[in-house]
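Next up, final.txt (compact mmCIF, C-alpha atoms (C1' of nucleotides)):
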# COMPACT_ATOMS: atom_id res chain seq x y z
CA MET A 1 254.00 42.51 185.76
CA ARG A 2 250.37 43.56 186.06
CA ALA A 3 249.67 47.13 187.13
CA ASP A 4 247.88 46.20 190.35
CA ALA A 5 250.66 43.83 191.34
CA GLN A 6 253.18 46.59 190.82
CA ARG A 7 251.10 48.96 192.92
CA ASN A 8 250.76 46.42 195.73
CA ARG A 9 254.46 45.74 195.67
CA ALA A 10 255.15 49.44 196.15
CA LEU A 11 252.60 49.68 198.96
CA ILE A 12 254.22 46.76 200.75
CA VAL A 13 257.73 48.21 200.46
CA THR A 14 256.54 51.57 201.80
CA ALA A 15 254.76 49.97 204.74
CA ALA A 16 257.78 47.75 205.41
CA SER A 17 260.06 50.74 205.34
CA GLU A 18 258.07 52.44 208.08
CA ALA A 19 257.66 49.30 210.15
CA VAL A 20 261.36 48.45 210.00
CA ALA A 21 262.33 52.00 210.93
CA ARG A 22 260.10 51.68 213.96
CA ASP A 23 260.58 48.07 215.02
CA GLY A 24 263.81 46.90 213.40
CA ALA A 25 264.56 44.16 210.91
CA TYR A 26 262.30 41.65 212.63
CA ALA A 27 259.14 43.73 212.35
CA SER A 28 256.00 41.64 211.98
CA LEU A 29 255.31 40.74 208.37
CA GLU A 30 251.60 40.42 209.04
CA GLU A 31 251.51 43.92 210.46
CA ILE A 32 253.32 45.20 207.40
CA ALA A 33 250.74 43.50 205.18
CA ARG A 34 247.92 45.02 207.23
CA ALA A 35 249.45 48.49 207.02
CA ALA A 36 249.86 48.10 203.27
CA GLY A 37 246.22 47.04 202.99
CA VAL A 38 247.00 43.67 201.41
CA GLY A 39 246.67 40.11 202.61
CA SER A 40 249.63 38.36 204.10
CA ALA A 41 249.62 35.88 201.24
CA THR A 42 250.24 38.72 198.81
CA LEU A 43 253.22 39.88 200.79
CA HIS A 44 254.65 36.37 200.84
CA ARG A 45 254.16 35.96 197.12
CA HIS A 46 255.98 39.18 196.31
CA PHE A 47 258.73 38.54 198.85
CA PRO A 48 259.37 34.87 199.58
CA SER A 49 261.51 35.70 202.59
CA ARG A 50 262.03 38.50 205.05
CA TRP A 51 265.43 39.19 203.47
CA ALA A 52 263.95 39.67 200.04
CA LEU A 53 261.67 42.31 201.50
CA LEU A 54 264.46 44.01 203.42
CA GLU A 55 266.58 44.10 200.31
CA ALA A 56 263.80 45.93 198.48
CA VAL A 57 263.42 48.32 201.41
CA PHE A 58 267.08 49.24 201.56
CA HIS A 59 267.99 49.03 197.90
CA ASP A 60 267.73 52.75 197.22
CA ARG A 61 269.67 53.74 200.31
CA VAL A 62 272.46 51.33 199.51
CA GLU A 63 272.61 52.79 196.03
CA ALA A 64 272.97 56.24 197.57
CA LEU A 65 275.89 55.04 199.67
CA CYS A 66 277.50 53.60 196.57
CA ALA A 67 277.07 56.90 194.76
CA ARG A 68 278.75 58.62 197.67
CA ALA A 69 281.79 56.39 197.16
CA GLY A 70 281.94 57.66 193.59
CA GLU A 71 281.93 61.27 194.78
CA LEU A 72 284.74 60.64 197.24
CA SER A 73 286.97 58.90 194.72
CA THR A 74 288.14 62.16 193.14
CA GLY A 75 289.70 63.93 196.14
CA PRO A 76 293.46 64.30 196.65
CA ASP A 77 293.88 62.06 199.73
CA ALA A 78 292.91 58.48 198.91
CA ARG A 79 293.41 57.09 202.40
CA GLN A 80 291.31 59.89 203.84
CA ALA A 81 288.58 59.23 201.28
CA LEU A 82 288.47 55.54 202.15
CA THR A 83 288.31 56.28 205.86
CA THR A 84 285.61 58.86 205.38
CA TRP A 85 283.47 56.55 203.32
CA LEU A 86 283.79 53.67 205.77
CA CYS A 87 282.90 55.94 208.68
CA GLU A 88 279.89 57.30 206.85
CA LEU A 89 278.86 53.76 206.09
CA ALA A 90 279.17 52.87 209.76
CA VAL A 91 277.24 55.90 210.96
CA TYR A 92 274.50 55.45 208.41
CA SER A 93 274.22 51.76 209.17
CA THR A 94 274.04 52.41 212.89
CA THR A 95 271.34 55.04 212.63
CA THR A 96 269.15 53.27 210.08
CA ARG A 97 267.25 50.64 212.01
CA GLY A 98 267.36 47.20 210.50
CA LEU A 99 269.88 47.98 207.78
CA VAL A 100 272.84 46.21 209.33
CA THR A 101 270.81 43.23 210.36
CA SER A 102 269.51 42.86 206.86
CA LEU A 103 273.03 43.16 205.44
CA LEU A 104 274.63 40.74 207.87
CA LYS A 105 271.95 38.19 208.54
CA ALA A 106 270.73 37.69 205.03
CA PRO A 107 271.46 34.25 203.63
CA PRO A 108 274.84 34.24 201.88
CA GLU A 109 273.44 33.40 198.44
CA SER A 110 271.61 36.72 198.07
CA GLU A 111 274.17 39.22 199.29
CA SER A 112 273.49 41.66 196.51
CA CYS A 113 273.43 44.75 198.74
CA SER A 114 276.70 43.76 200.36
CA ALA A 115 278.17 43.03 196.96
CA MET A 116 277.14 46.47 195.77
CA LEU A 117 278.94 48.09 198.69
CA VAL A 118 282.07 46.07 198.13
CA ALA A 119 282.10 46.92 194.44
CA ALA A 120 281.50 50.61 195.14
CA GLY A 121 284.28 50.83 197.71
CA GLU A 122 286.84 48.95 195.67
CA PRO A 123 288.08 51.98 193.69
CA LEU A 124 288.66 53.86 196.94
CA ARG A 125 290.71 50.98 198.29
CA ARG A 126 292.73 50.56 195.10
CA ARG A 127 293.63 54.24 194.98
CA ALA A 128 294.76 54.14 198.59
CA VAL A 129 296.88 51.07 197.98
CA GLU A 130 298.49 52.71 194.94
CA GLU A 131 299.07 55.80 197.04
CA GLY A 132 300.92 53.56 199.50
CA THR A 133 298.82 54.42 202.54
CA VAL A 134 296.97 51.12 202.76
CA ARG A 135 298.42 47.61 202.90
CA ASP A 136 298.01 45.79 199.63
CA ASP A 137 296.77 42.60 201.27
CA VAL A 138 293.67 44.32 202.63
CA GLU A 139 290.57 43.36 200.65
CA MET A 140 287.53 45.57 200.33
CA ILE A 141 285.27 42.80 201.56
CA ASP A 142 287.27 42.68 204.80
CA LEU A 143 286.72 46.37 205.38
CA VAL A 144 283.01 46.23 204.62
CA THR A 145 282.64 43.22 206.88
CA LEU A 146 284.47 45.03 209.68
CA VAL A 147 282.25 48.08 209.34
CA LYS A 148 279.07 46.01 209.22
CA ALA A 149 280.20 44.07 212.27
CA ILE A 150 280.96 47.21 214.23
CA ALA A 151 277.71 48.83 213.19
CA LEU A 152 275.78 45.81 214.38
CA ALA A 153 277.61 45.74 217.69
CA ALA A 154 277.06 49.46 218.18
CA GLU A 155 273.47 49.51 216.93
CA SER A 156 272.18 49.75 220.46
CA THR A 157 274.65 52.45 221.50
CA SER A 158 275.51 55.57 219.54
CA ALA A 159 276.67 56.36 216.03
CA ALA A 160 279.63 58.26 217.46
CA GLU A 161 280.74 55.11 219.25
CA ALA A 162 280.51 53.18 215.98
CA GLU A 163 282.67 55.75 214.24
CA ARG A 164 285.23 55.62 217.04
CA LEU A 165 285.51 51.86 216.72
CA VAL A 166 285.84 52.01 212.95
CA ARG A 167 288.68 54.52 213.22
CA LEU A 168 290.33 52.39 215.90
CA ALA A 169 290.10 49.30 213.72
CA LEU A 170 291.50 51.11 210.70
CA GLU A 171 294.41 52.63 212.59
CA GLY A 172 295.19 49.64 214.78
CA ILE A 173 296.05 49.64 218.45
CA SER A 174 299.76 50.41 218.13
CA PRO A 175 301.04 53.83 219.23
CA SER A 176 301.33 56.16 216.26
CA ARG A 177 304.81 56.54 214.74
CA GLN A 178 306.82 59.48 215.96
CA MET B 1 266.60 26.20 246.85
CA ARG B 2 264.79 22.90 247.04
CA ALA B 3 266.68 19.86 245.81
CA ASP B 4 264.24 19.04 242.99
CA ALA B 5 264.32 22.62 241.77
CA GLN B 6 268.09 22.49 241.69
CA ARG B 7 267.99 19.23 239.77
CA ASN B 8 265.52 20.60 237.24
CA ARG B 9 267.58 23.71 236.76
CA ALA B 10 270.60 21.59 235.92
CA LEU B 11 268.57 19.44 233.52
CA ILE B 12 267.33 22.55 231.74
CA VAL B 13 270.80 24.04 231.39
CA THR B 14 272.15 20.77 230.00
CA ALA B 15 269.33 20.45 227.48
CA ALA B 16 269.71 24.09 226.53
CA SER B 17 273.41 23.65 226.01
CA GLU B 18 272.80 20.88 223.50
CA ALA B 19 269.96 22.67 221.75
CA VAL B 20 271.91 25.91 221.42
CA ALA B 21 274.94 24.07 220.07
CA ARG B 22 272.70 22.52 217.45
CA ASP B 23 270.27 25.36 216.62
CA GLY B 24 271.94 28.56 217.79
CA ALA B 25 270.92 31.15 220.34
CA TYR B 26 267.31 31.19 219.19
CA ALA B 27 266.68 27.50 219.79
CA SER B 28 263.10 26.76 220.78
CA LEU B 29 262.56 27.09 224.52
CA GLU B 30 259.69 24.62 224.41
CA GLU B 31 261.89 22.04 222.79
CA ILE B 32 264.53 22.61 225.44
CA ALA B 33 261.90 22.10 228.13
CA ARG B 34 260.71 18.90 226.44
CA ALA B 35 264.27 17.58 226.14
CA ALA B 36 264.87 18.36 229.80
CA GLY B 37 261.68 16.53 230.73
CA VAL B 38 260.07 19.54 232.39
CA GLY B 39 257.11 21.73 231.55
CA SER B 40 257.67 24.98 229.76
CA ALA B 41 256.35 26.86 232.78
CA THR B 42 259.18 25.44 234.87
CA LEU B 43 261.73 26.63 232.37
CA HIS B 44 260.22 30.10 232.40
CA ARG B 45 260.18 30.25 236.18
CA HIS B 46 263.84 29.33 236.43
CA PHE B 47 264.87 31.60 233.56
CA PRO B 48 262.57 34.57 233.01
CA SER B 49 264.16 35.37 229.66
CA ARG B 50 266.10 33.64 226.93
CA TRP B 51 269.17 35.65 227.93
CA ALA B 52 269.05 34.47 231.49
CA LEU B 53 269.13 30.90 230.20
CA LEU B 54 271.95 31.60 227.76
CA GLU B 55 273.96 33.23 230.49
CA ALA B 56 273.65 30.08 232.57
CA VAL B 57 274.61 27.96 229.56
CA PHE B 58 277.76 29.92 228.79
CA HIS B 59 278.82 30.94 232.27
CA ASP B 60 281.37 28.17 232.71
CA ARG B 61 282.91 28.67 229.29
CA VAL B 62 283.25 32.41 229.83
CA GLU B 63 284.94 31.68 233.12
CA ALA B 64 287.40 29.42 231.33
CA LEU B 65 288.22 32.20 228.86
CA CYS B 66 288.80 34.56 231.76
CA ALA B 67 291.12 32.06 233.39
CA ARG B 68 293.04 31.83 230.13
CA ALA B 69 293.64 35.58 230.30
CA GLY B 70 295.21 35.01 233.69
CA GLU B 71 297.56 32.39 232.28
CA LEU B 72 298.65 34.66 229.46
CA SER B 73 299.39 37.62 231.70
CA THR B 74 302.75 36.23 232.85
CA GLY B 75 304.58 35.91 229.52
CA PRO B 76 307.34 38.27 228.38
CA ASP B 77 305.56 39.96 225.45
CA ALA B 78 302.50 41.84 226.65
CA ARG B 79 301.30 42.94 223.23
CA GLN B 80 301.58 39.39 221.95
CA ALA B 81 299.66 38.10 224.95
CA LEU B 82 296.85 40.57 224.37
CA THR B 83 296.65 39.71 220.68
CA THR B 84 296.67 35.99 221.41
CA TRP B 85 293.90 36.25 223.95
CA LEU B 86 291.69 38.35 221.69
CA CYS B 87 292.23 35.93 218.81
CA GLU B 88 291.40 32.98 221.01
CA LEU B 89 288.31 34.80 222.16
CA ALA B 90 287.30 35.40 218.55
CA VAL B 91 287.92 31.83 217.47
CA TYR B 92 286.12 30.38 220.46
CA SER B 93 283.19 32.74 219.99
CA THR B 94 282.94 31.92 216.33
CA THR B 95 282.96 28.17 216.82
CA THR B 96 280.64 28.05 219.79
CA ARG B 97 277.19 28.45 218.36
CA GLY B 98 275.05 31.03 220.09
CA LEU B 99 277.77 32.43 222.32
CA VAL B 100 278.31 35.67 220.46
CA THR B 101 274.63 36.27 219.99
CA SER B 102 274.04 35.82 223.67
CA LEU B 103 276.89 38.18 224.50
CA LEU B 104 275.88 40.87 222.02
CA LYS B 105 272.12 40.72 221.98
CA ALA B 106 271.53 40.39 225.68
CA PRO B 107 269.79 43.39 227.24
CA PRO B 108 272.38 45.94 228.41
CA GLU B 109 271.39 45.74 232.08
CA SER B 110 272.59 42.15 232.50
CA GLU B 111 275.92 42.18 230.73
CA SER B 112 277.63 40.11 233.36
CA CYS B 113 279.40 37.78 230.91
CA SER B 114 280.69 40.69 228.86
CA ALA B 115 281.74 42.45 232.03
CA MET B 116 283.66 39.34 233.11
CA LEU B 117 285.56 39.31 229.83
CA VAL B 118 286.39 43.01 230.02
CA ALA B 119 287.61 42.65 233.58
CA ALA B 120 289.68 39.58 232.73
CA GLY B 121 291.33 41.22 229.74
CA GLU B 122 292.11 44.51 231.46
CA PRO B 123 295.43 43.37 233.02
CA LEU B 124 296.62 42.23 229.59
CA ARG B 125 295.78 45.62 228.12
CA ARG B 126 297.40 47.55 230.96
CA ARG B 127 300.64 45.59 230.69
CA ALA B 128 300.76 46.21 226.94
CA VAL B 129 300.17 49.94 227.43
CA GLU B 130 302.92 50.09 230.04
CA GLU B 131 305.17 48.18 227.67
CA GLY B 132 304.47 50.92 225.10
CA THR B 133 303.12 48.62 222.39
CA VAL B 134 299.49 49.63 222.71
CA ARG B 135 297.98 53.11 222.57
CA ASP B 136 296.96 54.35 225.98
CA ASP B 137 293.59 55.60 224.78
CA VAL B 138 292.43 52.12 223.84
CA GLU B 139 289.94 50.76 226.33
CA MET B 140 289.44 47.05 226.98
CA ILE B 141 285.73 47.34 226.34
CA ASP B 142 286.49 48.63 222.83
CA LEU B 143 288.62 45.59 222.11
CA VAL B 144 286.10 43.13 223.45
CA THR B 145 283.34 44.85 221.49
CA LEU B 146 285.43 44.65 218.33
CA VAL B 147 286.09 40.97 218.81
CA LYS B 148 282.46 40.22 219.57
CA ALA B 149 281.39 42.15 216.51
CA ILE B 150 283.83 40.34 214.25
CA ALA B 151 282.87 36.99 215.70
CA LEU B 152 279.22 37.69 215.03
CA ALA B 153 279.93 38.78 211.47
CA ALA B 154 282.09 35.71 210.86
CA GLU B 155 279.84 33.25 212.68
CA SER B 156 278.55 31.92 209.40
CA THR B 157 281.98 31.69 207.77
CA SER B 158 285.10 30.25 209.37
CA ALA B 159 287.05 30.73 212.55
CA ALA B 160 290.19 31.40 210.54
CA GLU B 161 288.43 34.29 208.83
CA ALA B 162 287.46 35.71 212.21
CA GLU B 163 291.04 35.52 213.40
CA ARG B 164 292.27 37.24 210.23
CA LEU B 165 289.86 40.11 210.76
CA VAL B 166 290.80 40.50 214.41
CA ARG B 167 294.48 40.71 213.51
CA LEU B 168 293.67 43.19 210.77
CA ALA B 169 291.69 45.37 213.15
CA LEU B 170 294.43 45.27 215.78
CA GLU B 171 297.19 46.11 213.33
CA GLY B 172 295.28 48.64 211.25
CA ILE B 173 295.29 49.01 207.51
CA SER B 174 298.43 51.07 207.16
CA PRO B 175 301.53 49.49 205.65
CA SER B 176 303.86 48.22 208.36
CA ARG B 177 306.75 50.46 209.28
CA GLN B 178 310.02 49.72 207.60
C1' DT C 1 257.31 8.41 261.54
C1' DT C 2 253.79 11.57 260.49
C1' DA C 3 251.59 15.71 259.23
C1' DC C 4 251.72 20.24 257.58
C1' DG C 5 253.06 24.56 255.23
C1' DA C 6 255.89 26.25 251.74
C1' DT C 7 257.57 25.48 247.39
C1' DA C 8 257.76 23.64 242.79
C1' DT C 9 255.39 21.68 238.95
C1' DG C 10 253.20 21.17 234.25
C1' DG C 11 248.92 20.85 231.53
C1' DG C 12 246.31 23.74 229.15
C1' DG C 13 244.93 28.23 227.25
C1' DG C 14 245.69 32.90 225.02
C1' DG C 15 247.74 35.65 221.72
C1' DA C 16 250.97 36.31 217.99
C1' DC C 17 253.52 34.69 214.30
C1' DA C 18 255.01 32.72 209.48
C1' DC C 19 253.45 30.36 205.87
C1' DC C 20 250.21 27.93 202.60
C1' DC C 21 245.90 26.52 200.04
C1' DC C 22 242.24 27.67 197.03
C1' DA C 23 237.94 29.80 195.57
C1' DC C 24 237.33 34.23 193.87
C1' DT C 25 238.37 38.77 191.56
C1' DT C 26 240.68 41.64 188.34
C1' DA C 27 243.62 43.27 184.52
C1' DT C 28 244.91 42.42 179.98
C1' DT C 29 244.36 40.88 175.22
C1' DC C 30 242.02 39.89 171.22
C1' DG D 1 232.86 42.32 175.70
C1' DA D 2 234.50 37.58 176.27
C1' DA D 3 238.36 34.59 177.25
C1' DT D 4 242.32 33.83 179.89
C1' DA D 5 246.02 34.37 182.59
C1' DA D 6 247.50 36.65 186.66
C1' DG D 7 246.72 38.35 191.16
C1' DT D 8 244.28 38.36 195.54
C1' DG D 9 243.10 37.63 200.54
C1' DG D 10 240.37 34.99 204.01
C1' DG D 11 241.06 31.37 206.60
C1' DG D 12 243.58 27.16 208.17
C1' DT D 13 247.81 24.87 210.19
C1' DG D 14 251.59 24.43 213.03
C1' DT D 15 254.82 26.74 216.07
C1' DC D 16 256.18 29.88 219.39
C1' DC D 17 256.39 32.44 224.00
C1' DC D 18 254.28 33.19 228.13
C1' DC D 19 250.95 32.83 232.05
C1' DC D 20 247.39 30.86 235.34
C1' DC D 21 246.28 27.71 238.85
C1' DA D 22 245.04 23.12 240.60
C1' DT D 23 248.02 19.54 241.94
C1' DA D 24 252.17 17.14 243.52
C1' DT D 25 256.37 17.19 246.02
C1' DC D 26 259.78 18.60 249.38
C1' DG D 27 261.67 19.90 253.92
C1' DT D 28 260.84 20.20 258.63
C1' DA D 29 259.03 20.27 263.12
C1' DA D 30 256.40 17.67 266.24
Rewrite the structure of this file - the entire thing - as structure tokens.
Amino acid sequence: MRADAQRNRALIVTAASEAVARDGAYASLEEIARAAGVGSATLHRHFPSRWALLEAVFHDRVEALCARAGELSTGPDARQALTTWLCELAVYSTTTRGLVTSLLKAPPESESCSAMLVAAGEPLRRRAVEEGTVRDDVEMIDLVTLVKAIALAAESTSAAEAERLVRLALEGISPSRQ
Amino acid sequence: MRADAQRNRALIVTAASEAVARDGAYASLEEIARAAGVGSATLHRHFPSRWALLEAVFHDRVEALCARAGELSTGPDARQALTTWLCELAVYSTTTRGLVTSLLKAPPESESCSAMLVAAGEPLRRRAVEEGTVRDDVEMIDLVTLVKAIALAAESTSAAEAERLVRLALEGISPSRQ
DNA sequence: TTACGATATGGGGGGACACCCCACTTATTC
DNA sequence: GAATAAGTGGGGTGTCCCCCCATATCGTAA
């Protein structure tokens, strides 16, 4: 890729990052192009769709979340580690404007960010299943979907509320065993 | 209200119902107005916002769901009744295009449809808590929010998937007691 | 039945948006 | 430094939401 194209791409992603943080996942693409100092055609050439742009915006942060799963996979309590990671995912998703929307509303063929999260969480799930504290018919993609769904529903309320709902969903609504 | 205004209102709601079923909650308002045979200004006078229109479109169906909660509240197994109703809510929300979006994305001040659902489900929850099969710190609004969230996440997949996730969230991820 | 005031209507315009075409500019390579 | 391939952005098109206001229609009281 030519040097100027690379530079413009970076400018666009930076501008998009700010715009999405301010206005959410449906921020105006033209405004992003203006802020980046490029024409709207350039933006559309680099990113054929809004989701392609959002994926570039959030790629690094999703990678950080995946790394966090790696850190948590060495503790003693596997169930605890899984719960912690899912809650952190929920809180982070709720407080980072546009992230959940871009994860959930992206067209199914390009779910690379979601796929990364599922792959990163899988070791946590497997350890917990082996430990016997998580049902073996629970798939990682179910858990990530649940968390994304809750984060989206709670995006307008608070992160604490999102965490509450995630814990509720993980524990179920039955009274705890005596 | 004048008779012609009433007639136009009904025409708009009917056209909107069809358009939303076909194109989702963000169907073009102008197209709805065209299909109804009225000017776009008339549509906007009757329904100042998209959400006001969607509320009118889904009002009857939400009422039907609430009535269903009433039916279920007389069976012997309260926990089962609650689970059944929430699953039906999830399936119906998933298969009725635009319903979940209109429930979740509507501005918080006009949550009348959501409020109806919470109020309708509350007796089911209370019976199950009294029966001892549901934790007493679980609020109905949490359950409805969970179901709405799952339905939104599963809107693009299948209703069966939505039901699976609802059951998973209600039961939790722990292995069942022996 | 008629006439009048209140109400409802919709065409047309403004502003914003996503997306695309194409003449022009720029970086790279030899 | 010239050739060439790649990149660029201004401007055009079609769509959208929303609003203004002259006109048409309704309901009612005489």
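All of the residues in chain B within 7 Å of chain C are B:Ala5, B:Gly39, B:Ala41, B:Thr42, where all atoms listed in the file were counted.
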> Any idea what's packed within 7 Å of segment 43-50 of chain A, counting all atoms listed in the file, ignoring anything in its chain fewer than 5 positions away? Could you give it as a list in words?
Replying inline: Arg9, Ile12 and Ala33 of chain A
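Any residue of chain D with an atom no more than 8 Å from chain A counts as a contact; using all atoms listed in the file, that gives DA6, DG7, DT8 and DG9 of chain D.
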> Could you write out as a ChimeraX atom specification the residues of chain A within 9 Å of chain B, counting all atoms listed in the file?
Replying inline: /A:104-105,108,132-136,138,142-143,145-146,148-154,156,165-166,168-177
>> What's around Ala16 of chain B at 7 Å? Count all atoms listed in the file, leave out sequence neighbours fewer than 3 positions away in its own chain, and write the answer as a list of chain:residue names.
In response: B:Ile12, B:Val13, B:Ala19, B:Val20, B:Ile32, B:Val57
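Residues with any atom within 10 Å of the point (274.4, 47.5, 202.4), counting only C-alpha atoms (C1' of nucleotides), are Glu55, Phe58, His59, Asp60, Arg61, Val62, Glu63, Leu65, Cys66, Leu89, Tyr92, Ser93, Leu99, Val100, Thr101, Ser102, Leu103, Leu104, Glu111, Ser112, Cys113, Ser114, Ala115, Met116, Leu117, Val118, Val144 and Lys148 of chain A.
Our summary of the geometry notes that atom CA of Ala162 of chain A is positioned 17.8 Å from atom CA of Ala81 of chain A.
We find atom C1' of DG10 of chain D and atom CA of Ala35 of chain A to be spaced 16.5 Å apart.
Excluding segment 74-78 of chain A and any residue on its chain fewer than 6 positions from it, the residues at most 7 Å away by all atoms listed in the file are Leu124, Arg127, Ala128 and Glu131 of chain A.
Atom to atom, atom CA of Arg125 of chain A and atom CA of Cys87 of chain B stand 25.5 Å apart.
Closest approach to DT15 of chain D from the set B:Ser17, B:Ala3, B:Glu31, B:Ala25 is made by B:Glu31, with distances taken over all atoms listed in the file.
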What are the centre and edge lengths in Å, to one decimal, of the axis-aligned box around all listed atoms of segment 97-111 of chain A with 6 Å added on each side, as lines of an AutoDock Vina configuration file?
center_x = 271.0
center_y = 42.0
center_z = 205.0
size_x = 19.6
size_y = 29.2
size_z = 25.9
